[in-house]
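Input: a single structure, listed below in structure tokens.
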Amino acid sequence: MLRGIISGVTAMRAQVTNQEVIANNLANVNTAAYNKDTTTFSSFHDVFTMMFRGNDTPQVIGAMSSGAVVHDVKTIRSVGPVEYTGELLDVALPGGVYFAVETPSGVRYTRRGDFEISTDGYLTLGGFRVLGRSGPVQVGEYRTRAIGEDGAVVCDGVVVDTLNTYRFADESALVKEGTSLFRAEGTTPVLEENPGLITRALEKSSVDPVVEMVNLIAAMRAYEAAQKAIQSHDETLGMAVERVGRV
């Protein structure tokens with residue numbers, strides 16, 4: 001009975017994390033180029049059960065698990081739908097290509113393409129300065145700005161810089177840090193000379209709100225089922241203790 005309670009508790013904790021991941025996906029349904037996350041589960045401390053017969057060698061009769069736990073939270077690296085906006089500073093990236101931005105923690109990579117201009121005249125993504133061949137891209141002194149398919153930043157009809165675009169040999173090694181930023185960990189960025197950007201368009205979030213709502217309902221029901229299992233085991237344990245006490 002105690003093992004049943006432990007299994008229920010681990011299942012509830014796993015579903016809490018699962019619900020948090022799904023809720024974060026739903027919160028980013030309108031975030032440009034957001035890649036959804038998914039939760040993977042594994043069994044918790046599988047152990048062998050043994051059968052003893054006197055002085056004979058114990059015989060393994062199977063494995064026993066104490067419930068499920070969260071194994072990992074993985075990012076699904078799929079390209080979201082592309083929406084044409086007509087804005088000169090909107091860009092959609094082909095699959096596997098990333099821009100580089102300068103953050104207080106170092107260079108980070110992103111698939112966002114909703115460029116903005118900061119108050120001090122720099123081209124930014126999510127509030128961070130975008131890196132070009134010459135460093136952070138400065139466009140504040142110009143009247144018109146546009147981005148070409150090759151990543152060229154054209155201001156007042158003149159190319160002032162070219163955006164750095166990268167591919168990674170092992171894209172799964174990128175670690176998500178929030179605000180659609182990734183940290184390169186265990187993989188080296190390779191400069192993409194001709195990225196083939198889709199201009200005046202944005203890659204939308206890969207999150208399907210209907211699917212995520214269904215997943216959220218399923219996670220909540222799994223949580224409630226584990227909760228009821230714990231209550232059932234607790235009541236059974238209480239009855240056993242009460243009856244043993246009477247004896």
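Quick note on naming: the chains in the structure tokens go A, B, ... in the order shown, residues restart at 1 in each chain, and ligands are numbered from 1 in order of appearance.
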8 Å contact set for Ala23 (chain A), only C-alpha atoms, chain neighbours under 4 positions out, as a ChimeraX atom specification
/A:19,27,216
If you run DSSP on the backbone, which residues of region 40-238 of chain A are helix (DSSP H, G or I), as a PyMOL selection string?
chain A and resi 171-173+209-238
Prev. selection, N, CA and C atoms, output as an mmCIF file, in the first residue's frame:
```cif
data_model
loop_
_atom_site.group_PDB
_atom_site.id
_atom_site.type_symbol
_atom_site.label_atom_id
_atom_site.label_comp_id
_atom_site.auth_asym_id
_atom_site.auth_seq_id
_atom_site.Cartn_x
_atom_site.Cartn_y
_atom_site.Cartn_z
ATOM 1 N N GLU A 171 21.667 20.119 -34.105
ATOM 2 C CA GLU A 171 20.690 21.117 -33.656
ATOM 3 C C GLU A 171 20.063 20.740 -32.318
ATOM 4 N N SER A 172 20.035 19.450 -31.994
ATOM 5 C CA SER A 172 19.435 19.005 -30.738
ATOM 6 C C SER A 172 20.272 19.415 -29.528
ATOM 7 N N ALA A 173 21.538 19.823 -29.755
ATOM 8 C CA ALA A 173 22.400 20.240 -28.648
ATOM 9 C C ALA A 173 22.112 21.671 -28.196
ATOM 10 N N PRO A 209 -2.903 25.384 -30.663
ATOM 11 C CA PRO A 209 -3.621 25.575 -29.396
ATOM 12 C C PRO A 209 -4.660 24.497 -29.109
ATOM 13 N N VAL A 210 -5.294 23.963 -30.149
ATOM 14 C CA VAL A 210 -6.300 22.915 -29.937
ATOM 15 C C VAL A 210 -5.637 21.652 -29.392
ATOM 16 N N VAL A 211 -4.521 21.257 -30.012
ATOM 17 C CA VAL A 211 -3.795 20.066 -29.559
ATOM 18 C C VAL A 211 -3.300 20.249 -28.122
ATOM 19 N N GLU A 212 -2.781 21.442 -27.831
ATOM 20 C CA GLU A 212 -2.258 21.688 -26.483
ATOM 21 C C GLU A 212 -3.366 21.693 -25.435
ATOM 22 N N MET A 213 -4.542 22.187 -25.787
ATOM 23 C CA MET A 213 -5.667 22.152 -24.850
ATOM 24 C C MET A 213 -6.085 20.714 -24.561
ATOM 25 N N VAL A 214 -6.088 19.876 -25.600
ATOM 26 C CA VAL A 214 -6.400 18.457 -25.403
ATOM 27 C C VAL A 214 -5.347 17.812 -24.497
ATOM 28 N N ASN A 215 -4.070 18.131 -24.745
ATOM 29 C CA ASN A 215 -2.992 17.590 -23.905
ATOM 30 C C ASN A 215 -3.126 18.057 -22.455
ATOM 31 N N LEU A 216 -3.540 19.307 -22.277
ATOM 32 C CA LEU A 216 -3.696 19.835 -20.926
ATOM 33 C C LEU A 216 -4.820 19.115 -20.190
ATOM 34 N N ILE A 217 -5.930 18.867 -20.868
ATOM 35 C CA ILE A 217 -7.051 18.143 -20.253
ATOM 36 C C ILE A 217 -6.616 16.724 -19.878
ATOM 37 N N ALA A 218 -5.859 16.070 -20.770
ATOM 38 C CA ALA A 218 -5.382 14.715 -20.496
ATOM 39 C C ALA A 218 -4.443 14.703 -19.294
ATOM 40 N N ALA A 219 -3.578 15.718 -19.193
ATOM 41 C CA ALA A 219 -2.657 15.800 -18.060
ATOM 42 C C ALA A 219 -3.410 16.024 -16.750
ATOM 43 N N MET A 220 -4.426 16.851 -16.780
ATOM 44 C CA MET A 220 -5.222 17.109 -15.582
ATOM 45 C C MET A 220 -5.968 15.849 -15.139
ATOM 46 N N ARG A 221 -6.479 15.086 -16.106
ATOM 47 C CA ARG A 221 -7.185 13.853 -15.757
ATOM 48 C C ARG A 221 -6.220 12.813 -15.191
ATOM 49 N N ALA A 222 -5.008 12.753 -15.739
ATOM 50 C CA ALA A 222 -4.007 11.830 -15.208
ATOM 51 C C ALA A 222 -3.628 12.212 -13.780
ATOM 52 N N TYR A 223 -3.540 13.506 -13.535
ATOM 53 C CA TYR A 223 -3.245 13.993 -12.179
ATOM 54 C C TYR A 223 -4.363 13.592 -11.211
ATOM 55 N N GLU A 224 -5.610 13.787 -11.637
ATOM 56 C CA GLU A 224 -6.750 13.452 -10.781
ATOM 57 C C GLU A 224 -6.816 11.945 -10.530
ATOM 58 N N ALA A 225 -6.486 11.139 -11.542
ATOM 59 C CA ALA A 225 -6.498 9.684 -11.364
ATOM 60 C C ALA A 225 -5.458 9.257 -10.335
ATOM 61 N N ALA A 226 -4.271 9.856 -10.399
ATOM 62 C CA ALA A 226 -3.225 9.537 -9.421
ATOM 63 C C ALA A 226 -3.651 9.974 -8.023
ATOM 64 N N GLN A 227 -4.323 11.120 -7.943
ATOM 65 C CA GLN A 227 -4.806 11.622 -6.653
ATOM 66 C C GLN A 227 -5.834 10.661 -6.038
ATOM 67 N N LYS A 228 -6.752 10.155 -6.859
ATOM 68 C CA LYS A 228 -7.764 9.210 -6.370
ATOM 69 C C LYS A 228 -7.119 7.894 -5.954
ATOM 70 N N ALA A 229 -6.073 7.471 -6.668
ATOM 71 C CA ALA A 229 -5.368 6.239 -6.306
ATOM 72 C C ALA A 229 -4.723 6.376 -4.930
ATOM 73 N N ILE A 230 -4.147 7.553 -4.654
ATOM 74 C CA ILE A 230 -3.541 7.792 -3.343
ATOM 75 C C ILE A 230 -4.609 7.757 -2.251
ATOM 76 N N GLN A 231 -5.743 8.379 -2.506
ATOM 77 C CA GLN A 231 -6.829 8.371 -1.529
ATOM 78 C C GLN A 231 -7.313 6.953 -1.247
ATOM 79 N N SER A 232 -7.414 6.147 -2.308
ATOM 80 C CA SER A 232 -7.854 4.771 -2.144
ATOM 81 C C SER A 232 -6.865 3.969 -1.301
ATOM 82 N N HIS A 233 -5.567 4.111 -1.611
ATOM 83 C CA HIS A 233 -4.548 3.406 -0.832
ATOM 84 C C HIS A 233 -4.531 3.893 0.618
ATOM 85 N N ASP A 234 -4.739 5.176 0.812
ATOM 86 C CA ASP A 234 -4.736 5.735 2.165
ATOM 87 C C ASP A 234 -5.903 5.183 2.982
ATOM 88 N N GLU A 235 -7.062 5.098 2.355
ATOM 89 C CA GLU A 235 -8.230 4.539 3.059
ATOM 90 C C GLU A 235 -8.016 3.070 3.394
ATOM 91 N N THR A 236 -7.431 2.317 2.448
ATOM 92 C CA THR A 236 -7.162 0.900 2.692
ATOM 93 C C THR A 236 -6.156 0.721 3.819
ATOM 94 N N LEU A 237 -5.126 1.553 3.818
ATOM 95 C CA LEU A 237 -4.117 1.495 4.875
ATOM 96 C C LEU A 237 -4.731 1.837 6.229
ATOM 97 N N GLY A 238 -5.622 2.827 6.234
ATOM 98 C CA GLY A 238 -6.279 3.209 7.482
ATOM 99 C C GLY A 238 -7.138 2.079 8.035
#
```
Give me, as an mmCIF file with C-alpha atoms, in the first residue's frame, the residues of region 23-240 of chain A that a backbone DSSP run labels strand (DSSP E or B).
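Dumped everything to states.cif:
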```cif
data_model
loop_
_atom_site.group_PDB
_atom_site.id
_atom_site.type_symbol
_atom_site.label_atom_id
_atom_site.label_comp_id
_atom_site.auth_asym_id
_atom_site.auth_seq_id
_atom_site.Cartn_x
_atom_site.Cartn_y
_atom_site.Cartn_z
ATOM 1 C CA ASP A 37 8.238 21.702 -25.838
ATOM 2 C CA THR A 38 7.069 18.239 -24.886
ATOM 3 C CA THR A 39 7.528 16.156 -21.739
ATOM 4 C CA THR A 40 8.957 12.639 -21.819
ATOM 5 C CA PHE A 41 8.478 10.224 -18.936
ATOM 6 C CA SER A 42 10.388 7.262 -17.559
ATOM 7 C CA SER A 43 9.804 4.736 -14.787
ATOM 8 C CA VAL A 47 13.844 -3.017 -9.133
ATOM 9 C CA PHE A 48 13.943 -6.787 -9.548
ATOM 10 C CA THR A 49 11.606 -8.939 -7.488
ATOM 11 C CA MET A 50 13.088 -12.200 -6.264
ATOM 12 C CA MET A 51 11.574 -15.494 -5.128
ATOM 13 C CA GLN A 59 15.013 -16.598 -8.746
ATOM 14 C CA VAL A 60 14.211 -13.321 -10.528
ATOM 15 C CA ILE A 61 10.496 -13.205 -11.289
ATOM 16 C CA GLY A 62 10.243 -9.733 -12.824
ATOM 17 C CA ALA A 63 10.755 -6.016 -12.394
ATOM 18 C CA MET A 64 8.717 -3.664 -10.257
ATOM 19 C CA ALA A 68 6.641 7.487 -13.449
ATOM 20 C CA VAL A 69 8.832 10.587 -13.351
ATOM 21 C CA VAL A 70 9.738 13.288 -15.878
ATOM 22 C CA HIS A 71 12.719 12.080 -17.884
ATOM 23 C CA ASP A 72 13.256 15.212 -19.969
ATOM 24 C CA VAL A 73 11.603 18.262 -21.494
ATOM 25 C CA LYS A 74 12.434 18.270 -25.198
ATOM 26 C CA THR A 75 12.035 20.962 -27.823
ATOM 27 C CA VAL A 82 4.956 31.302 -42.517
ATOM 28 C CA GLU A 83 2.716 34.375 -42.621
ATOM 29 C CA TYR A 84 3.370 37.245 -45.027
ATOM 30 C CA ASP A 90 10.035 40.995 -40.903
ATOM 31 C CA VAL A 91 12.001 37.899 -41.952
ATOM 32 C CA ALA A 92 11.268 34.145 -41.856
ATOM 33 C CA TYR A 98 19.421 30.884 -36.793
ATOM 34 C CA PHE A 99 20.260 34.534 -36.236
ATOM 35 C CA ALA A 100 22.802 35.548 -33.575
ATOM 36 C CA VAL A 101 22.121 38.163 -30.891
ATOM 37 C CA GLU A 102 24.248 39.760 -28.215
ATOM 38 C CA THR A 103 23.067 39.177 -24.626
ATOM 39 C CA GLY A 106 27.098 35.997 -24.356
ATOM 40 C CA VAL A 107 26.042 35.222 -27.916
ATOM 41 C CA ARG A 108 22.705 33.440 -28.222
ATOM 42 C CA TYR A 109 20.822 32.145 -31.261
ATOM 43 C CA THR A 110 17.208 32.607 -32.306
ATOM 44 C CA ASP A 114 10.397 40.230 -35.975
ATOM 45 C CA GLU A 116 12.769 46.115 -34.148
ATOM 46 C CA ILE A 117 14.888 49.234 -33.778
ATOM 47 C CA TYR A 122 20.343 49.210 -33.088
ATOM 48 C CA LEU A 123 18.548 46.389 -34.862
ATOM 49 C CA THR A 124 17.148 44.087 -32.155
ATOM 50 C CA LEU A 125 15.298 40.798 -31.687
ATOM 51 C CA PHE A 128 18.795 42.033 -27.837
ATOM 52 C CA ARG A 129 21.124 43.515 -30.433
ATOM 53 C CA VAL A 130 21.393 41.537 -33.661
ATOM 54 C CA LEU A 131 24.893 40.607 -34.821
ATOM 55 C CA GLY A 132 26.113 41.202 -38.353
ATOM 56 C CA GLY A 135 29.120 43.382 -34.943
ATOM 57 C CA PRO A 136 25.817 44.815 -33.630
ATOM 58 C CA GLN A 138 23.350 50.084 -36.281
ATOM 59 C CA ARG A 145 15.524 49.983 -43.616
ATOM 60 C CA ALA A 146 14.949 46.604 -45.237
ATOM 61 C CA ILE A 147 16.454 43.128 -45.138
ATOM 62 C CA ALA A 152 21.873 42.180 -46.368
ATOM 63 C CA VAL A 153 20.665 45.148 -44.293
ATOM 64 C CA VAL A 154 19.728 47.833 -46.803
ATOM 65 C CA CYS A 155 19.306 51.362 -45.475
ATOM 66 C CA VAL A 158 22.763 51.147 -49.438
ATOM 67 C CA VAL A 159 23.948 47.856 -47.879
ATOM 68 C CA VAL A 160 25.282 48.816 -44.444
ATOM 69 C CA ASP A 161 25.885 45.295 -43.098
ATOM 70 C CA THR A 162 24.954 41.634 -43.544
ATOM 71 C CA LEU A 163 23.250 39.609 -40.827
ATOM 72 C CA THR A 165 23.060 33.402 -40.020
ATOM 73 C CA TYR A 166 24.151 30.002 -38.740
ATOM 74 C CA ARG A 167 23.480 26.287 -38.997
ATOM 75 C CA PHE A 168 24.451 23.639 -36.445
ATOM 76 C CA LEU A 174 20.929 23.759 -28.546
ATOM 77 C CA VAL A 175 19.585 24.575 -25.086
ATOM 78 C CA LYS A 176 16.466 26.732 -24.834
ATOM 79 C CA GLU A 177 16.838 29.741 -22.520
ATOM 80 C CA GLY A 178 13.497 31.526 -22.903
ATOM 81 C CA LEU A 181 16.785 32.136 -27.390
ATOM 82 C CA PHE A 182 19.080 29.110 -27.606
ATOM 83 C CA ARG A 183 22.546 28.473 -26.168
ATOM 84 C CA ALA A 184 25.009 26.446 -28.234
ATOM 85 C CA PRO A 189 27.757 27.244 -35.269
ATOM 86 C CA VAL A 190 28.594 27.250 -38.972
ATOM 87 C CA LEU A 191 28.146 30.538 -40.843
ATOM 88 C CA ILE A 198 11.867 34.858 -46.710
ATOM 89 C CA THR A 199 11.446 38.618 -46.519
ATOM 90 C CA ALA A 201 7.132 37.433 -43.600
ATOM 91 C CA LEU A 202 7.244 35.822 -40.172
ATOM 92 C CA GLU A 203 7.442 32.243 -39.002
#
```
Among listed residues A:Ser205, A:Asn18, A:Lys36, A:Pro195, nearest Gly95 (chain A) (using only C-alpha atoms)
A:Pro195
Distance criterion (only C-alpha atoms): nearest to Thr144 (chain A) out of A:Asp170, A:Leu88, A:Glu193, A:Ala32:
A:Leu88
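CA of Arg111 (chain A) is found 15.9 Å from CA of Asn194 (chain A).
Taking CA of Thr17 (chain A) and CA of Tyr34 (chain A) as endpoints, the distance between them is 19.5 Å.
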